[in-house]
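This report concerns only the one structure given below.
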Amino acid sequence: MDLPYTTEVRPDTGLTSPKLGIWLFLASEVMLFGSLFAAYVLLRVGSPAWPDQSAVLSVPLATLNTVILLASSVTMVLAWVSLRRGRLPGFRLYMGLTLLGGVLFLIVKAFEYSDKFSQGLLPSTSNFYGLYFTLTGLHALHVVAGLAVNAWLWLPGVRLWHTRPALFTNRVEIAGIYWHFVDLVWIFLFPVLYLL
Amino acid sequence: MLRKYLFSTDHKIIGLQYGFTGLFFLLVGFLLALVIRWQHAYAGEPLPLIGGWFGGNAPGGILLPEFYNQLGAMHGTIMVFLGVVPLAVGAFGNYVLPLQVGAPDMAFPRLNMLSYWLYLAGGLVMLASFFSPTGAASSGWTSYAPLSVFANDGQTWWLAAMLLVIFSSLLGAMNFITTVVQLRAPGLTWFRLPFFVWAQFVTAFLLLLAFPALQAAAVLQLMDRLAGTSFFVASGLVVSGQVIDRAGDGSALLWQHLFWFLGHPEVYVLVLPAMGIIGEVIANNTRKPLWGYRLMVYSLFVLGFLSFLVWAHHMFLTGMGTTISAFFQATTMIISIPSVVVLSALILTLYGGSIRFNTPMLFALAFLPMFGIGGLTGLPLGLATTDIPLHDTNYVVAHFHYLVAPGTIFALFAGIYYWYPKATGRFLNETLGRIHFFGSLVAMNVIFMPMFVQGLAGVNRRLWDGGAIYVHAQDTLYLNVPMAYAALALAVAQIPFLVNLAWAPWFGRVAGTNPWDATTLEWATPTPPHAHGNFDAIPRVVRDPYEYSVPGADAAFLPQGVVPPDADREP
């Protein structure tokens with residue numbers, strides 16, 4: 001059975017179902033991270049002593065990670081554009097670069113974590129570190145989930161391109177919207193945890 | 001066989017899976033409550049018959065206080081998150097909503113299957129926690145910190161199970177909204193949607209936007225329990241006579257804010273689908289359009305929106321400050337208005353109707369006063385001044401049980417009796433249905449009405465001995481005995497229902513495709529509807545949902561949609 005409006009737009013709503021679905025999912029994600037940011041505000045305001053964040057965390061590494069993640073968002077768009085123009089090799093290249101960006105981000109993150117652990121700075125050290133590890137950890141989980149989806153589209157999922165190119169292009173677009181959201185969360189995390 | 005009934009992506013099968021699983025959890029939650037009621041009546045005495053089943057949790061058949069706490073926490077959790085919501089949203093939403101909008105299936109059938117399996121996994125983890133070394137969660141269904149942070153390991157299981165259930169609800173909510181927006185049949189404009197669809201639609205938004213707050217809270221509490229963080233642990237906290245060795249600076253109120261940011265919209269998740277079901281049953285059995293259909297729909301919007309702005313009325317006693325209390329009591333008074341509008345509209349629909357008193361209608365009619373009692377007794381709790389003496393007493397327990405037990409659960413029963421002929425092709429037996437209805441109605445009132453009396457006398461909830469050690473409770477303690485027997489009677493009253501459910505698919509009176517002479521689209525399908533696709537052909541909607549007894553019309557009722565009489569149905 002084929003459901004209507006998976007690839008074609010429903011005229012009166014102007015949407016395809018998967019696109020509406022992913023936006024709704026992201027709305028719930030906004031509430032998830034929003035709740036955590038609210039917890040951050042409440043705990044920080046109520047705390048008698050809060051560390052100077054930019055002094056205890058590595059701003060250069062986080063800046064590097066910001067650049068990496070932003071670049072991977074750009075390549076994600078390029079991967080989708082390649083499919084729209086019917087160029088599969090372009091998709092393979094740009095999606096590969098997107099995956100590379102995600103992996104690099106996690107590697108840098110792992111360096112940051114192990115540096116903190118080696119100094120004995122753990123989630124239990126203070127609520128600042130607790131929030132730092134929880135928020136960045138949850139974000140990293142989202143990166144891992146995005147990488148899993150992107151890797152699937154890059155390797156086994158790409159077979160769909162030969163039978164139903166429109167559906168495959170659609171899937172890449174949806175995965176891209178999620179990937180940009182993960183990027184956006186980082187854009188909020190970076191100043192809140194490292195700079196403010 | 002496995003693919004068809006177990007790993008199905010068909011919304012109707014998934015709806016039935018939710019239905020049976022939800023009923024199972026409803027029964028488990030009820031049996032826990034039965035033990036609690038008996039405990040309150042005969043605290044410190046051995047539990048008759050089943051006392052030996054609990055092993056070390058009830059030496060000599062006498063419940064340990066720790067185990068009693070587990071029963072209370074798990075009764076609330078199971079009833080709300082694993083029983084009522086999965087039935088109201090998972091079962092009825094899944095089965096009926098796509099049919100009523102004329103869709104071939106849910107928008108994302110495979111995600112739908114995933115939702116069910118995540119829910120089932122969460123439910124099994126929750127049940128399994130009873131058998132973990134230190135037993136199930138014991139900090140109440142609200143899991144207030146810091147108690148829950150230092151509670152037994154069952155709390156960790158509780159958090160894990162809740163994360164699974166939350167993820168399931170989020171995927172379900174996405175699916176419901178997308179289905180309503182994208183898969184409405186041609187001609188089914190927004191204000192032609194049946195009231196039930198509107199109720200589910202608003203409910204889905206509440207689930208989608210409120211549940212993530214508990215997701216965040218659960219993650220933070222898991223960190224507190226497993227990684228030793230202090231999000232909910234204040235500095236210098238003393239537990240069991242010892243100062244806790246943690247970084248501190250956390251806030252116990254943070255948990256309450258996050259929990260109730262979900263918790264209050266969750267109340268409307270329990271209520272709105274019930275109103276939706278009752279709307280369908282009442283329109284059908286009064287043979288009239290719903291009175292003030294648009295007003296009711298607008299009320300749903302207002303309810304949904306305001307339900308995000310009332311959460312701290314659960315926290316008047318936390319010392320959060322009078323300014324905040326004033327704000328939240330104002331919003332709480334305002335939110336009672338749309339609830340009253342919906343209830344009044346349902347009552348006004350009865351006026352001048354020629355009512356058919358079948359079992360679904362009996363449950364629907366009982367819903368109105370029961371829900372009214374539950375709602376009106378909530379007003380003193382919503383005002384900070386009157387909440388102070390009533391907070392955390394049995395009055396609160398009576399209030400929300402009137403909303404959920406003879407309120408929402410009666411609506412669920414009405415829905416089961418109403419849509420059963422569509423799912424199976426046969427009616428449930430009316431005589432057994434009436435025994436079930438009157439038995440449940442009387443028993444529930446005998447259980448919950450005395451709780452108001454006890455609560456007004458100041459008897460606290462969640463007490464192992466039902467309040468026996470308090471002087472002020474002595475005058476009302478005797479009420480615990482009739483309440484215990486009424487709970488037992490309520491259990492007995494469910495037997496005809498269970499017999500009916502098992503008996504009717506084979507021996508019930510045969511129902512046609514539209515046995516209730518109903519107008520909405522689910523009755524335009526064959527019985528049972530086609531697997532994947534539902535309708536013989538894509539239906540076309542030509543009028544409003546409840547065109548009963550239209551003056552001057554040729555027929556007594558006018559179906560909302562037309563299914564083209566076409567042999568080559570859409571696959």
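Residues in the structure tokens are named by chain (A, B, ... in the order shown) and by number from 1 within that chain; ligands are numbered from 1 in the order shown.
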
Exercise for review: Using only C-alpha atoms, find which residues of chain B lie within 10 Å of chain A and jot them down as a ChimeraX atom specification.
Suggested key: /B:103-109,170-171,173-179,181-183,205,207-217,219-220,223-224,226-233,246-251,253-255,257-258,261,531-533,570-571

Check your understanding: What lies within 9 Å of A:Leu69 using only C-alpha atoms, ignoring chain neighbours under 3 positions off, as JSON, numbers by chain?
Key -> {"A": [64, 65, 66, 72, 73, 74, 98, 101, 102, 104, 105, 182, 183, 186]}

Just write the chosen residues, C-alpha atoms, as an mmCIF file, in the first residue's frame.
data_model
loop_
_atom_site.group_PDB
_atom_site.id
_atom_site.type_symbol
_atom_site.label_atom_id
_atom_site.label_comp_id
_atom_site.auth_asym_id
_atom_site.auth_seq_id
_atom_site.Cartn_x
_atom_site.Cartn_y
_atom_site.Cartn_z
ATOM 1 C CA LEU A 64 36.975 24.244 16.046
ATOM 2 C CA ASN A 65 34.020 21.956 16.654
ATOM 3 C CA THR A 66 31.588 24.704 15.731
ATOM 4 C CA SER A 72 29.126 19.375 7.742
ATOM 5 C CA SER A 73 25.764 21.107 7.514
ATOM 6 C CA VAL A 74 26.893 22.813 4.314
ATOM 7 C CA THR A 98 29.249 15.129 6.156
ATOM 8 C CA GLY A 101 32.573 16.087 9.858
ATOM 9 C CA GLY A 102 30.347 14.303 12.358
ATOM 10 C CA LEU A 104 35.674 14.618 13.632
ATOM 11 C CA PHE A 105 33.284 16.480 15.928
ATOM 12 C CA VAL A 182 21.646 19.073 15.736
ATOM 13 C CA ASP A 183 23.919 21.806 14.423
ATOM 14 C CA TRP A 186 25.295 23.184 19.262
#

Check your understanding: With only C-alpha atoms as the basis for distance, which of B:Tyr42, B:Phe438, B:Phe196, B:Tyr395 is at the shortest distance from B:Leu490?
Key ->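 Between B:Tyr42, B:Phe438, B:Phe196, B:Tyr395, the residue approaching B:Leu490 most closely is B:Phe438.
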
Check your understanding: stretch 380-568 of chain B: which residues are alpha helix (DSSP H) by DSSP, as a ChimeraX atom specification?
Key -> /B:380-382,384-390,394-403,410-424,430-456,480-493,495-507

Practice item. Show which residues sit within 8 Å of A:Leu99, as an MDAnalysis selection string. Count only C-alpha atoms, and ignore same-chain residues fewer than 3 positions away. Key: chainID A and resid 72 95:96 102:103 147 150:151

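With distances taken over only C-alpha atoms, A:Val143 is the one residue among A:Leu83, A:Val143, A:Ala62, A:Val172 lying closest to A:Leu100.
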
Check your understanding: Can you tell me, as a VMD selection string, what residues are no more than 12 Å from B:Ala199 when counting only C-alpha atoms, ignoring any on the same chain fewer than 6 positions away?
Key -> chain B and resid 88 to 89 92 to 93 97 176 to 177 180 193 205 to 206 268 to 280 296 to 304 342

Exercise for review: Can you work out which one of A:Ala145, A:Thr63, A:Gly90, A:Pro165 has the shortest atom-to-atom distance to A:Leu189, counting only C-alpha atoms?
Suggested key: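 Of A:Ala145, A:Thr63, A:Gly90, A:Pro165, the one nearest A:Leu189, counting only C-alpha atoms, is A:Thr63.
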
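In this comparison, which uses only C-alpha atoms, the residue of B:Ala252, B:Gly140, B:Leu47, B:Trp516 approaching B:Met320 most closely is B:Ala252.
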
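Using only C-alpha atoms, the residues found no farther than 8 Å from B:Gly455, other than those of its own chain fewer than 5 positions away, are B:Leu390, B:Thr393, B:Asn394, B:Tyr395, B:Val396, B:Asn460.
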